[in-house]
Structure formats: C-alpha cells, structure tokens
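Engineer: The file below is data-v3.pdb, PDB, C-alpha atoms and all ligand atoms:
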```pdb
ATOM      1  CA  MET U 113      20.221  12.587 -41.856  1.00  0.00           C
ATOM      2  CA  LYS U 114      18.372   9.461 -42.808  1.00  0.00           C
ATOM      3  CA  ASN U 115      15.708  10.267 -40.251  1.00  0.00           C
ATOM      4  CA  SER U 116      15.105  13.784 -41.498  1.00  0.00           C
ATOM      5  CA  MET U 117      14.809  12.554 -45.075  1.00  0.00           C
ATOM      6  CA  GLN U 118      12.424   9.877 -43.986  1.00  0.00           C
ATOM      7  CA  ASN U 119      10.398  12.389 -41.991  1.00  0.00           C
ATOM      8  CA  GLU U 120       9.989  14.611 -45.042  1.00  0.00           C
ATOM      9  CA  VAL U 121       8.383  11.743 -46.908  1.00  0.00           C
ATOM     10  CA  LEU U 122       6.049  10.974 -44.020  1.00  0.00           C
ATOM     11  CA  TYR U 123       4.523  14.466 -43.950  1.00  0.00           C
ATOM     12  CA  ASN U 124       2.828  16.517 -46.628  1.00  0.00           C
ATOM     13  CA  GLY U 125       3.364  20.213 -47.271  1.00  0.00           C
ATOM     14  CA  GLU U 126       0.702  21.129 -44.724  1.00  0.00           C
ATOM     15  CA  GLY U 127       2.361  19.292 -41.858  1.00  0.00           C
ATOM     16  CA  HIS U 128      -0.087  16.390 -41.878  1.00  0.00           C
ATOM     17  CA  PHE U 129       0.803  12.794 -42.657  1.00  0.00           C
ATOM     18  CA  SER U 130       1.385  12.137 -46.350  1.00  0.00           C
ATOM     19  CA  ASP U 131      -0.128   9.060 -47.993  1.00  0.00           C
ATOM     20  CA  GLU U 132       3.243   7.394 -47.385  1.00  0.00           C
ATOM     21  CA  GLY U 133       3.036   8.471 -43.757  1.00  0.00           C
ATOM     22  CA  ILE U 134      -0.442   6.943 -43.364  1.00  0.00           C
ATOM     23  CA  ALA U 135       0.708   3.707 -45.025  1.00  0.00           C
ATOM     24  CA  PHE U 136       3.849   3.625 -42.881  1.00  0.00           C
ATOM     25  CA  TRP U 137       1.775   4.107 -39.719  1.00  0.00           C
ATOM     26  CA  ILE U 138      -0.678   1.334 -40.596  1.00  0.00           C
ATOM     27  CA  ASP U 139       2.161  -1.027 -41.542  1.00  0.00           C
ATOM     28  CA  CYS U 140       3.928  -0.420 -38.240  1.00  0.00           C
ATOM     29  CA  ILE U 141       0.747  -0.972 -36.216  1.00  0.00           C
ATOM     30  CA  SER U 142      -0.368  -4.060 -38.127  1.00  0.00           C
ATOM     31  CA  GLU U 143       3.097  -5.607 -37.867  1.00  0.00           C
ATOM     32  CA  ASN U 144       3.398  -4.803 -34.162  1.00  0.00           C
ATOM     33  CA  LYS U 145       6.312  -2.457 -34.829  1.00  0.00           C
ATOM     34  CA  LYS U 146       4.995   0.641 -33.093  1.00  0.00           C
ATOM     35  CA  ASN U 147       8.570   1.280 -31.861  1.00  0.00           C
ATOM     36  CA  LEU U 148       9.544   2.190 -35.444  1.00  0.00           C
ATOM     37  CA  ILE U 149       7.107   5.101 -35.485  1.00  0.00           C
ATOM     38  CA  PRO U 150       8.911   8.409 -34.846  1.00  0.00           C
ATOM     39  CA  SER U 151       7.656  10.129 -31.697  1.00  0.00           C
ATOM     40  CA  SER U 152       6.888  13.236 -33.770  1.00  0.00           C
ATOM     41  CA  MET U 153       4.263  11.200 -35.615  1.00  0.00           C
ATOM     42  CA  ILE U 154       2.761   9.873 -32.395  1.00  0.00           C
ATOM     43  CA  ASN U 155       2.597  13.372 -30.935  1.00  0.00           C
ATOM     44  CA  HIS U 156       1.034  14.734 -34.093  1.00  0.00           C
ATOM     45  CA  LEU U 157      -1.610  12.035 -34.269  1.00  0.00           C
ATOM     46  CA  GLU U 158      -2.579  12.539 -30.646  1.00  0.00           C
ATOM     47  CA  GLU U 159      -3.657  16.071 -31.442  1.00  0.00           C
ATOM     48  CA  CYS U 160      -4.691  15.950 -35.073  1.00  0.00           C
ATOM     49  CA  ARG U 161      -8.265  14.949 -35.800  1.00  0.00           C
ATOM     50  CA  ILE U 162      -7.625  15.141 -39.543  1.00  0.00           C
ATOM     51  CA  CYS U 163      -4.856  12.547 -39.505  1.00  0.00           C
ATOM     52  CA  GLN U 164      -6.763  10.415 -36.975  1.00  0.00           C
ATOM     53  CA  SER U 165      -9.745  10.157 -39.280  1.00  0.00           C
ATOM     54  CA  ARG U 166      -7.556   9.571 -42.361  1.00  0.00           C
ATOM     55  CA  ILE U 167      -5.862   6.645 -40.644  1.00  0.00           C
ATOM     56  CA  ILE U 168      -9.175   5.209 -39.542  1.00  0.00           C
ATOM     57  CA  GLU U 169     -10.569   5.524 -43.073  1.00  0.00           C
ATOM     58  CA  ALA U 170      -7.493   3.890 -44.579  1.00  0.00           C
ATOM     59  CA  GLN U 171      -7.593   1.121 -41.988  1.00  0.00           C
ATOM     60  CA  MET U 172     -11.297   0.504 -42.703  1.00  0.00           C
ATOM     61  CA  LEU U 173     -10.581   0.300 -46.401  1.00  0.00           C
ATOM     62  CA  ILE U 174      -7.778  -2.188 -45.835  1.00  0.00           C
ATOM     63  CA  ASP U 175      -9.975  -4.247 -43.505  1.00  0.00           C
ATOM     64  CA  ALA U 176     -12.788  -4.238 -46.043  1.00  0.00           C
ATOM     65  CA  ILE U 177     -10.456  -5.369 -48.829  1.00  0.00           C
ATOM     66  CA  ASN U 178      -8.856  -8.056 -46.662  1.00  0.00           C
ATOM     67  CA  ASN U 179     -12.181  -9.358 -45.482  1.00  0.00           C
ATOM     68  CA  TYR U 180     -14.169  -9.328 -48.689  1.00  0.00           C
ATOM     69  CA  LEU U 181     -11.608 -10.163 -51.337  1.00  0.00           C
ATOM     70  CA  PRO U 182     -11.109 -13.883 -50.597  1.00  0.00           C
ATOM     71  CA  VAL U 183     -14.831 -14.564 -50.899  1.00  0.00           C
ATOM     72  CA  THR U 184     -15.395 -15.529 -54.542  1.00  0.00           C
ATOM     73  CA  SER U 185     -18.461 -17.694 -54.310  1.00  0.00           C
ATOM     74  CA  PRO U 186     -20.620 -18.835 -57.234  1.00  0.00           C
ATOM     75  CA  PRO U 187     -23.880 -16.832 -57.260  1.00  0.00           C
ATOM     76  CA  PHE U 188     -26.460 -19.601 -56.732  1.00  0.00           C
ATOM     77  CA  ASN U 189     -24.874 -21.633 -53.993  1.00  0.00           C
ATOM     78  CA  VAL U 190     -26.944 -21.133 -50.835  1.00  0.00           C
ATOM     79  CA  LYS U 191     -24.252 -22.450 -48.566  1.00  0.00           C
ATOM     80  CA  HIS U 192     -21.800 -19.961 -49.999  1.00  0.00           C
ATOM     81  CA  ILE U 193     -24.238 -17.094 -49.644  1.00  0.00           C
ATOM     82  CA  ASN U 194     -24.624 -17.920 -45.983  1.00  0.00           C
ATOM     83  CA  ARG U 195     -20.901 -18.131 -45.640  1.00  0.00           C
ATOM     84  CA  GLN U 196     -20.609 -14.786 -47.325  1.00  0.00           C
ATOM     85  CA  LYS U 197     -23.059 -13.268 -44.861  1.00  0.00           C
ATOM     86  CA  ILE U 198     -21.010 -14.608 -41.991  1.00  0.00           C
ATOM     87  CA  PHE U 199     -17.902 -13.104 -43.541  1.00  0.00           C
ATOM     88  CA  ALA U 200     -19.680  -9.805 -43.974  1.00  0.00           C
ATOM     89  CA  ALA U 201     -20.844  -9.814 -40.356  1.00  0.00           C
ATOM     90  CA  ALA U 202     -17.355 -10.727 -39.200  1.00  0.00           C
ATOM     91  CA  ALA U 203     -15.913  -7.949 -41.332  1.00  0.00           C
ATOM     92  CA  ILE U 204     -18.242  -5.427 -39.748  1.00  0.00           C
ATOM     93  CA  ILE U 205     -17.381  -6.629 -36.256  1.00  0.00           C
ATOM     94  CA  ILE U 206     -13.649  -6.576 -37.007  1.00  0.00           C
ATOM     95  CA  THR U 207     -13.906  -3.110 -38.516  1.00  0.00           C
ATOM     96  CA  LEU U 208     -15.835  -1.774 -35.529  1.00  0.00           C
ATOM     97  CA  ALA U 209     -13.339  -3.357 -33.161  1.00  0.00           C
ATOM     98  CA  ALA U 210     -10.461  -1.846 -35.141  1.00  0.00           C
ATOM     99  CA  ILE U 211     -12.054   1.593 -34.946  1.00  0.00           C
ATOM    100  CA  ALA U 212     -12.629   1.196 -31.205  1.00  0.00           C
ATOM    101  CA  ILE U 213      -9.017   0.118 -30.667  1.00  0.00           C
ATOM    102  CA  LEU U 214      -7.676   2.962 -32.791  1.00  0.00           C
ATOM    103  CA  PHE U 215      -9.776   5.471 -30.868  1.00  0.00           C
ATOM    104  CA  TYR U 216      -8.663   3.968 -27.579  1.00  0.00           C
ATOM    105  CA  LEU U 217      -4.961   3.828 -28.479  1.00  0.00           C
ATOM    106  CA  PHE U 218      -4.726   7.240 -30.036  1.00  0.00           C
ATOM    107  CA  ARG U 219      -7.262   9.277 -28.142  1.00  0.00           C
ATOM    108  CA  PRO U 220      -5.752  12.476 -26.796  1.00  0.00           C
ATOM    109  CA  GLN U 221      -4.171  12.430 -23.370  1.00  0.00           C
ATOM    110  CA  ASP U 222      -6.621  13.431 -20.682  1.00  0.00           C
ATOM    111  CA  ASN U 223      -5.267  16.919 -20.078  1.00  0.00           C
ATOM    112  CA  ASN U 224      -4.815  17.463 -23.813  1.00  0.00           C
ATOM    113  CA  ASP U 225      -8.428  16.500 -24.172  1.00  0.00           C
ATOM    114  CA  VAL U 226      -9.444  19.051 -21.545  1.00  0.00           C
ATOM    115  CA  PHE U 227      -7.368  21.653 -23.332  1.00  0.00           C
ATOM    116  CA  ALA U 228      -8.982  20.867 -26.690  1.00  0.00           C
ATOM    117  CA  ASP U 229     -12.473  21.066 -25.215  1.00  0.00           C
ATOM    118  CA  TYR U 230     -11.930  24.457 -23.597  1.00  0.00           C
ATOM    119  CA  PHE U 231      -9.540  26.210 -25.943  1.00  0.00           C
ATOM    120  CA  HIS U 232     -11.158  28.670 -28.329  1.00  0.00           C
ATOM    121  CA  PRO U 233      -9.045  31.500 -29.737  1.00  0.00           C
ATOM    122  CA  TYR U 234      -9.701  34.825 -28.028  1.00  0.00           C
ATOM    123  CA  PRO U 235     -12.057  36.938 -30.137  1.00  0.00           C
ATOM    124  CA  ASP U 236     -10.727  39.881 -32.127  1.00  0.00           C
ATOM    125  CA  VAL U 237     -11.718  42.878 -30.007  1.00  0.00           C
ATOM    126  CA  ILE U 238      -9.548  45.351 -31.929  1.00  0.00           C
ATOM    127  CA  THR U 239     -10.738  45.324 -35.535  1.00  0.00           C
ATOM    128  CA  LYS U 240     -14.376  45.950 -34.686  1.00  0.00           C
ATOM    129  CA  LYS U 241     -13.702  48.953 -32.457  1.00  0.00           C
ATOM    130  CA  SER U 242     -13.663  51.854 -34.869  1.00  0.00           C
ATOM    131  CA  ASN U 243     -11.382  54.122 -32.837  1.00  0.00           C
ATOM    132  CA  HIS U 244      -9.081  51.658 -31.117  1.00  0.00           C
ATOM    133  CA  SER U 245      -5.663  53.233 -30.705  1.00  0.00           C
ATOM    134  CA  GLU U 246      -3.867  50.124 -31.925  1.00  0.00           C
ATOM    135  CA  LYS U 247      -5.670  50.100 -35.274  1.00  0.00           C
ATOM    136  CA  SER U 248      -2.784  52.168 -36.591  1.00  0.00           C
ATOM    137  CA  ASP U 249      -0.473  49.165 -36.267  1.00  0.00           C
ATOM    138  CA  SER U 250      -0.649  47.698 -39.753  1.00  0.00           C
ATOM    139  CA  PHE U 251       1.147  44.463 -38.863  1.00  0.00           C
ATOM    140  CA  LEU U 252      -1.224  43.862 -35.950  1.00  0.00           C
ATOM    141  CA  MET U 253      -4.225  44.478 -38.205  1.00  0.00           C
ATOM    142  CA  LYS U 254      -2.882  42.173 -40.933  1.00  0.00           C
ATOM    143  CA  GLY U 255      -2.228  39.529 -38.296  1.00  0.00           C
ATOM    144  CA  LEU U 256      -5.756  39.874 -36.953  1.00  0.00           C
ATOM    145  CA  PHE U 257      -7.155  39.552 -40.458  1.00  0.00           C
ATOM    146  CA  TYR U 258      -5.594  36.101 -40.819  1.00  0.00           C
ATOM    147  CA  TYR U 259      -6.346  35.287 -37.179  1.00  0.00           C
ATOM    148  CA  ASN U 260     -10.054  35.868 -37.823  1.00  0.00           C
ATOM    149  CA  TYR U 261      -9.898  33.361 -40.679  1.00  0.00           C
ATOM    150  CA  SER U 262      -7.989  30.858 -38.495  1.00  0.00           C
ATOM    151  CA  VAL U 263      -4.938  31.080 -40.764  1.00  0.00           C
ATOM    152  CA  PHE U 264      -2.699  31.090 -37.762  1.00  0.00           C
ATOM    153  CA  ASP U 265       0.687  30.647 -39.413  1.00  0.00           C
ATOM    154  CA  SER U 266       0.137  33.856 -41.390  1.00  0.00           C
ATOM    155  CA  ALA U 267      -1.250  35.615 -38.305  1.00  0.00           C
ATOM    156  CA  TYR U 268       1.857  34.521 -36.418  1.00  0.00           C
ATOM    157  CA  HIS U 269       4.096  35.979 -39.102  1.00  0.00           C
ATOM    158  CA  TYR U 270       2.515  39.445 -38.787  1.00  0.00           C
ATOM    159  CA  PHE U 271       2.192  39.437 -34.996  1.00  0.00           C
ATOM    160  CA  VAL U 272       5.904  38.687 -34.682  1.00  0.00           C
ATOM    161  CA  ARG U 273       6.768  41.521 -37.061  1.00  0.00           C
ATOM    162  CA  ALA U 274       4.500  43.887 -35.135  1.00  0.00           C
ATOM    163  CA  GLN U 275       6.047  42.827 -31.861  1.00  0.00           C
ATOM    164  CA  LYS U 276       9.565  43.415 -33.147  1.00  0.00           C
ATOM    165  CA  ARG U 277       8.526  46.965 -33.940  1.00  0.00           C
ATOM    166  CA  LYS U 278       6.673  47.665 -30.690  1.00  0.00           C
ATOM    167  CA  SER U 279       5.625  45.157 -28.066  1.00  0.00           C
ATOM    168  CA  SER U 280       2.280  45.478 -26.287  1.00  0.00           C
ATOM    169  CA  ASP U 281      -0.129  43.447 -24.149  1.00  0.00           C
ATOM    170  CA  THR U 282      -2.477  43.202 -27.113  1.00  0.00           C
ATOM    171  CA  LEU U 283       0.213  41.638 -29.282  1.00  0.00           C
ATOM    172  CA  SER U 284       1.416  39.354 -26.510  1.00  0.00           C
ATOM    173  CA  LEU U 285      -2.102  38.041 -25.931  1.00  0.00           C
ATOM    174  CA  TYR U 286      -2.902  37.406 -29.591  1.00  0.00           C
ATOM    175  CA  LEU U 287       0.538  35.994 -30.303  1.00  0.00           C
ATOM    176  CA  GLY U 288       0.268  33.810 -27.186  1.00  0.00           C
ATOM    177  CA  VAL U 289      -3.096  32.451 -28.308  1.00  0.00           C
ATOM    178  CA  THR U 290      -1.707  31.940 -31.817  1.00  0.00           C
ATOM    179  CA  TYR U 291       1.180  29.935 -30.338  1.00  0.00           C
ATOM    180  CA  LEU U 292      -1.392  27.740 -28.591  1.00  0.00           C
ATOM    181  CA  THR U 293      -3.080  27.013 -31.924  1.00  0.00           C
ATOM    182  CA  MET U 294       0.350  26.009 -33.270  1.00  0.00           C
ATOM    183  CA  ASP U 295       1.180  23.626 -30.395  1.00  0.00           C
ATOM    184  CA  LYS U 296       3.949  25.971 -29.247  1.00  0.00           C
ATOM    185  CA  THR U 297       2.946  25.823 -25.608  1.00  0.00           C
ATOM    186  CA  ASP U 298       6.222  26.990 -24.028  1.00  0.00           C
ATOM    187  CA  GLU U 299       6.354  30.080 -26.222  1.00  0.00           C
ATOM    188  CA  ALA U 300       2.713  30.806 -25.330  1.00  0.00           C
ATOM    189  CA  ILE U 301       3.416  30.447 -21.618  1.00  0.00           C
ATOM    190  CA  SER U 302       6.284  32.930 -21.574  1.00  0.00           C
ATOM    191  CA  LEU U 303       4.181  35.603 -23.325  1.00  0.00           C
ATOM    192  CA  LEU U 304       0.978  35.000 -21.382  1.00  0.00           C
ATOM    193  CA  GLU U 305       2.769  34.977 -18.020  1.00  0.00           C
ATOM    194  CA  LYS U 306       3.874  38.559 -18.646  1.00  0.00           C
ATOM    195  CA  VAL U 307       0.411  39.813 -19.628  1.00  0.00           C
ATOM    196  CA  SER U 308      -1.325  37.979 -16.793  1.00  0.00           C
ATOM    197  CA  LYS U 309       0.887  39.719 -14.230  1.00  0.00           C
ATOM    198  CA  GLN U 310       0.061  43.206 -15.445  1.00  0.00           C
ATOM    199  CA  GLN U 311      -3.146  45.011 -14.656  1.00  0.00           C
ATOM    200  CA  GLY U 312      -4.811  45.831 -17.923  1.00  0.00           C
ATOM    201  CA  GLN U 313      -7.499  45.080 -20.452  1.00  0.00           C
ATOM    202  CA  PHE U 314      -6.180  41.584 -21.178  1.00  0.00           C
ATOM    203  CA  GLN U 315      -5.065  40.422 -17.735  1.00  0.00           C
ATOM    204  CA  ASP U 316      -8.096  38.166 -17.222  1.00  0.00           C
ATOM    205  CA  ALA U 317      -7.968  36.650 -20.722  1.00  0.00           C
ATOM    206  CA  ALA U 318      -4.207  36.108 -20.509  1.00  0.00           C
ATOM    207  CA  SER U 319      -4.668  34.289 -17.178  1.00  0.00           C
ATOM    208  CA  TRP U 320      -7.288  32.028 -18.717  1.00  0.00           C
ATOM    209  CA  TYR U 321      -5.097  31.094 -21.694  1.00  0.00           C
ATOM    210  CA  LEU U 322      -2.096  30.719 -19.410  1.00  0.00           C
ATOM    211  CA  ALA U 323      -4.058  28.220 -17.297  1.00  0.00           C
ATOM    212  CA  LEU U 324      -4.976  26.285 -20.451  1.00  0.00           C
ATOM    213  CA  ALA U 325      -1.328  26.303 -21.539  1.00  0.00           C
ATOM    214  CA  TYR U 326      -0.257  24.972 -18.130  1.00  0.00           C
ATOM    215  CA  ILE U 327      -2.871  22.219 -18.417  1.00  0.00           C
ATOM    216  CA  ARG U 328      -1.474  21.137 -21.767  1.00  0.00           C
ATOM    217  CA  SER U 329       2.119  21.271 -20.564  1.00  0.00           C
ATOM    218  CA  SER U 330       1.371  19.079 -17.511  1.00  0.00           C
ATOM    219  CA  GLN U 331       1.806  21.899 -15.008  1.00  0.00           C
ATOM    220  CA  SER U 332      -1.544  21.164 -13.421  1.00  0.00           C
ATOM    221  CA  SER U 333      -0.901  22.750 -10.041  1.00  0.00           C
ATOM    222  CA  LYS U 334       0.032  26.078 -11.650  1.00  0.00           C
ATOM    223  CA  ALA U 335      -3.176  25.890 -13.692  1.00  0.00           C
ATOM    224  CA  GLU U 336      -5.219  25.127 -10.593  1.00  0.00           C
ATOM    225  CA  THR U 337      -3.782  28.106  -8.724  1.00  0.00           C
ATOM    226  CA  ILE U 338      -4.814  30.459 -11.520  1.00  0.00           C
ATOM    227  CA  LEU U 339      -8.246  28.895 -12.027  1.00  0.00           C
ATOM    228  CA  SER U 340      -9.072  28.882  -8.311  1.00  0.00           C
ATOM    229  CA  ARG U 341      -8.201  32.556  -8.138  1.00  0.00           C
ATOM    230  CA  MET U 342     -10.415  33.245 -11.146  1.00  0.00           C
ATOM    231  CA  VAL U 343     -13.315  31.557  -9.383  1.00  0.00           C
ATOM    232  CA  SER U 344     -12.824  33.395  -6.096  1.00  0.00           C
ATOM    233  CA  GLU U 345     -12.387  36.742  -7.852  1.00  0.00           C
ATOM    234  CA  HIS U 346     -15.431  36.188 -10.082  1.00  0.00           C
ATOM    235  CA  SER U 347     -13.441  36.607 -13.270  1.00  0.00           C
ATOM    236  CA  MET U 348     -15.301  36.678 -16.577  1.00  0.00           C
ATOM    237  CA  TYR U 349     -14.042  33.094 -16.976  1.00  0.00           C
ATOM    238  CA  GLU U 350     -15.439  32.079 -13.564  1.00  0.00           C
ATOM    239  CA  GLU U 351     -17.877  29.468 -14.891  1.00  0.00           C
ATOM    240  CA  SER U 352     -15.395  27.835 -17.260  1.00  0.00           C
ATOM    241  CA  ALA U 353     -12.700  27.921 -14.586  1.00  0.00           C
ATOM    242  CA  GLU U 354     -14.991  26.183 -12.117  1.00  0.00           C
ATOM    243  CA  SER U 355     -15.941  23.388 -14.509  1.00  0.00           C
ATOM    244  CA  ILE U 356     -12.428  22.838 -15.865  1.00  0.00           C
ATOM    245  CA  LEU U 357     -11.017  22.592 -12.316  1.00  0.00           C
ATOM    246  CA  GLY U 358     -12.892  19.342 -11.834  1.00  0.00           C
ATOM    247  CA  LEU U 359     -11.421  17.839 -14.994  1.00  0.00           C
ATOM    248  CA  ILE U 360      -7.690  18.494 -14.664  1.00  0.00           C
ATOM    249  CA  LYS U 361      -5.572  15.437 -14.010  1.00  0.00           C
ATOM    250  CA  PRO U 362      -2.549  15.853 -11.713  1.00  0.00           C
TER     251      PRO U 362
HETATM  252 ZN    ZN U 401      -2.480  15.985 -39.118  1.00  0.00          ZN
END
```
Do you think you could lay out the structure here as structure tokens?
Ligand SMILES: [Zn+2]
Structural biologist:
Amino acid sequence: MKNSMQNEVLYNGEGHFSDEGIAFWIDCISENKKNLIPSSMINHLEECRICQSRIIEAQMLIDAINNYLPVTSPPFNVKHINRQKIFAAAAIIITLAAIAILFYLFRPQDNNDVFADYFHPYPDVITKKSNHSEKSDSFLMKGLFYYNYSVFDSAYHYFVRAQKRKSSDTLSLYLGVTYLTMDKTDEAISLLEKVSKQQGQFQDAASWYLALAYIRSSQSSKAETILSRMVSEHSMYEESAESILGLIKP
C-alpha cells in the first residue's frame, strides 16, 4: 500500500519520472542508497532516454550549484580569481565525470541496446493501399491512424477492439509491434509467434519482430535460430538479420 502510493508520486501522468521521482533518484544515488530505488524505476530508466537525460540535466544543475556556490570571492583579488578558475575547472571535470558515470551505470543492457538500435515499427501498408480488403475494419483503421503518429497507447486500444471483433494476421502483426513499443514483450511474442508460423503476407515481418522480441527477453538462441533462417532463405530482412546476429549476447 505504502509502496503503491509512493510509486504514484514518483511518476507523472505520462509514465515518466515526476520531479519528485528525479529528486528521489538523485538523492538515493548521491547517498549510496541505490537499494531504496524501486526496481520499476531502474527498469524504466534503462529504457527511457527522456528520463535519462532529465536526470543528467538535474544532476549537472546540482553539481554546478554545489561547485560554484561556495566561491564568493571579492572581485579584484587575483589570488581568488585564480582559485575561482581552479574551482571552475574542477567543476567541469566533476560534471563530465558524473555524466560519464551516469551513462555507464544506466546505459541499456547490451541486448536491449541491440533491440533499440534495430527496432523500428513496421510501416503501415494498409492505409495507403486504396483497395485493401481490410480497410473496411474501422477499428483497424483508427488504430493505424494513431500508429502512424506513434501514439501507441491509442493504437493499442483500437487494435485490441478490432481483434476482439475479428482476429487476423494483420491485426496480430500491428498489435504485436505496438506491444513492443510499450515494453510488453511477452504479449508481443505470443502474437508474433502465431503469425510467423503461418504462410502469408506478414510471415517474414512477424519473424523479424519475433526475433527482436526474443533478443529483448533474453531468449537469444531462439532469436538466432530465426535470424539464421532469414539469412539462409534470403528474407527481406536478410541484411539486418546478418548484422544483428553478430551483436546478440548469449
Ligand atoms: Zn521516462
């Protein structure tokens, strides 16, 4: 109970860290109390560039204040000016070191990094085709509208409604990719596995996104099996599959 209340304060309405969350994080790190940070925050920060850069900015500001504030030297004292320069240089070095440490500590895990580098949502191939049979599905089309604007939580909402009405490979692929944008890897895997097993328009794409999902969920050998097959069968993802194969960590 206490935890859930605390968690609400630590996040803003958009699911990112609130100002309190940022302050809490920096306090915990600076006081060597990383164990107090909820794992949900650690997981979020690993993947969220927005919160990473907000923490770094806040930390830089705090460093700057801490390092410059005590220096209150009279203006015409040469010795003090020199001292001030040394403080300024030290502040810059400390700030750079802090940034380097923050980047090192909170850089994404290797396979998450690979995922982030290679994951781009599958393009909308339905809306632009004037006579595509599935254009009559209004929920699918509304979902794709939001999908094209990268508003994935709204896209998700419509894809799920469409799927409840009538499931299809098209919906499973776009919903699977949408799940990947929302960090719902397990849900993505179960949808994409189905599509990748069936011969059809989206089999190749579903296999590619399934491999990416396996990479992110630490199922590297399953990913490698799919990617190796894509290379040997000259899939449309052949080149990407070949280069990503060399990057996956076991
Ligand atoms: Zn965030």
Engineer: Which of these residues is nearest to ligand ZN 401 (chain U), using all atoms listed in the file: U:Lys306, U:Arg273, U:Arg341, U:Arg161?
Structural biologist: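 The closest residue to ligand ZN 401 (chain U) is U:Arg161.
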Engineer: Find the residues around Leu304 (chain U) up to 7 Å (all atoms listed in the file counted), leave out those fewer than 2 positions away in its own chain, and share them as a list in words.
Structural biologist: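 My list of contacting residues is Ser284, Leu285, Gly288, Ala300, Ile301, Ser302, Lys306, Val307, Ser308, Ala318 and Leu322 of chain U.
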Engineer: Find the residues near Asp316 (chain U): any atom within 8 Å, counting all atoms listed in the file, skip ones fewer than 6 places away on the same chain, and give them as a ChimeraX atom specification.
Structural biologist: /U:308,347-349
Engineer: Taking all atoms of region 250-257 of chain U that appear in the file, build a box with edges along x, y and z, extend it by 3 Å on every side, and state its centre and edge lengths in Å to one decimal, as lines of an AutoDock Vina configuration file.
Structural biologist:
```
center_x = -3.0
center_y = 43.6
center_z = -38.4
size_x = 14.3
size_y = 14.2
size_z = 11.0
```
Engineer: Which is closest to ligand ZN 401 (chain U) among U:Lys247, U:Gly312, U:Met294, U:Asp281, if we use all atoms listed in the file?
Structural biologist: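 Of U:Lys247, U:Gly312, U:Met294, U:Asp281, the one nearest ligand ZN 401 (chain U) is U:Met294, counting all atoms listed in the file.
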Engineer: Apply the PyMOL selection byres (((not hetatm)) within 7 of (chain U and resi 401)) to the file shown and report the selected residues as an mmCIF file with C-alpha atoms, in the coordinates of the input.
Structural biologist:
```
data_model
loop_
_atom_site.group_PDB
_atom_site.id
_atom_site.type_symbol
_atom_site.label_atom_id
_atom_site.label_comp_id
_atom_site.auth_asym_id
_atom_site.auth_seq_id
_atom_site.Cartn_x
_atom_site.Cartn_y
_atom_site.Cartn_z
ATOM 1 C CA GLY U 127 2.361 19.292 -41.858
ATOM 2 C CA HIS U 128 -0.087 16.390 -41.878
ATOM 3 C CA PHE U 129 0.803 12.794 -42.657
ATOM 4 C CA HIS U 156 1.034 14.734 -34.093
ATOM 5 C CA LEU U 157 -1.610 12.035 -34.269
ATOM 6 C CA CYS U 160 -4.691 15.950 -35.073
ATOM 7 C CA ARG U 161 -8.265 14.949 -35.800
ATOM 8 C CA ILE U 162 -7.625 15.141 -39.543
ATOM 9 C CA CYS U 163 -4.856 12.547 -39.505
#
```
Engineer: Hey, could you patch up region 271-286 of chain U with N, CA and C atoms and hand it over as a PDB file, keeping the file's coordinate frame?
Structural biologist:
```pdb
ATOM      1  N   PHE U 271       2.102  39.064 -36.415  1.00  0.00           N
ATOM      2  CA  PHE U 271       2.192  39.437 -34.996  1.00  0.00           C
ATOM      3  C   PHE U 271       3.661  39.553 -34.567  1.00  0.00           C
ATOM      4  N   VAL U 272       4.486  38.638 -35.049  1.00  0.00           N
ATOM      5  CA  VAL U 272       5.904  38.687 -34.682  1.00  0.00           C
ATOM      6  C   VAL U 272       6.549  39.956 -35.236  1.00  0.00           C
ATOM      7  N   ARG U 273       6.197  40.292 -36.471  1.00  0.00           N
ATOM      8  CA  ARG U 273       6.768  41.521 -37.061  1.00  0.00           C
ATOM      9  C   ARG U 273       6.308  42.753 -36.288  1.00  0.00           C
ATOM     10  N   ALA U 274       5.023  42.761 -35.908  1.00  0.00           N
ATOM     11  CA  ALA U 274       4.500  43.887 -35.135  1.00  0.00           C
ATOM     12  C   ALA U 274       5.207  43.989 -33.790  1.00  0.00           C
ATOM     13  N   GLN U 275       5.443  42.821 -33.186  1.00  0.00           N
ATOM     14  CA  GLN U 275       6.047  42.827 -31.861  1.00  0.00           C
ATOM     15  C   GLN U 275       7.499  43.286 -31.893  1.00  0.00           C
ATOM     16  N   LYS U 276       8.186  42.956 -33.004  1.00  0.00           N
ATOM     17  CA  LYS U 276       9.565  43.415 -33.147  1.00  0.00           C
ATOM     18  C   LYS U 276       9.610  44.937 -33.221  1.00  0.00           C
ATOM     19  N   ARG U 277       8.564  45.510 -33.800  1.00  0.00           N
ATOM     20  CA  ARG U 277       8.526  46.965 -33.940  1.00  0.00           C
ATOM     21  C   ARG U 277       8.162  47.609 -32.603  1.00  0.00           C
ATOM     22  N   LYS U 278       7.097  47.086 -31.972  1.00  0.00           N
ATOM     23  CA  LYS U 278       6.673  47.665 -30.690  1.00  0.00           C
ATOM     24  C   LYS U 278       5.820  46.639 -29.954  1.00  0.00           C
ATOM     25  N   SER U 279       6.334  46.183 -28.831  1.00  0.00           N
ATOM     26  CA  SER U 279       5.625  45.157 -28.066  1.00  0.00           C
ATOM     27  C   SER U 279       4.475  45.769 -27.272  1.00  0.00           C
ATOM     28  N   SER U 280       3.409  45.008 -27.088  1.00  0.00           N
ATOM     29  CA  SER U 280       2.280  45.478 -26.287  1.00  0.00           C
ATOM     30  C   SER U 280       1.533  44.276 -25.724  1.00  0.00           C
ATOM     31  N   ASP U 281       0.685  44.522 -24.719  1.00  0.00           N
ATOM     32  CA  ASP U 281      -0.129  43.447 -24.149  1.00  0.00           C
ATOM     33  C   ASP U 281      -1.040  42.832 -25.206  1.00  0.00           C
ATOM     34  N   THR U 282      -1.585  43.687 -26.056  1.00  0.00           N
ATOM     35  CA  THR U 282      -2.477  43.202 -27.113  1.00  0.00           C
ATOM     36  C   THR U 282      -1.762  42.169 -27.975  1.00  0.00           C
ATOM     37  N   LEU U 283      -0.550  42.550 -28.428  1.00  0.00           N
ATOM     38  CA  LEU U 283       0.213  41.638 -29.282  1.00  0.00           C
ATOM     39  C   LEU U 283       0.587  40.371 -28.539  1.00  0.00           C
ATOM     40  N   SER U 284       0.997  40.528 -27.276  1.00  0.00           N
ATOM     41  CA  SER U 284       1.416  39.354 -26.510  1.00  0.00           C
ATOM     42  C   SER U 284       0.259  38.390 -26.328  1.00  0.00           C
ATOM     43  N   LEU U 285      -0.948  38.922 -26.100  1.00  0.00           N
ATOM     44  CA  LEU U 285      -2.102  38.041 -25.931  1.00  0.00           C
ATOM     45  C   LEU U 285      -2.408  37.310 -27.234  1.00  0.00           C
ATOM     46  N   TYR U 286      -2.526  38.060 -28.327  1.00  0.00           N
ATOM     47  CA  TYR U 286      -2.902  37.406 -29.591  1.00  0.00           C
ATOM     48  C   TYR U 286      -1.795  36.478 -30.100  1.00  0.00           C
TER      49      TYR U 286
END
```
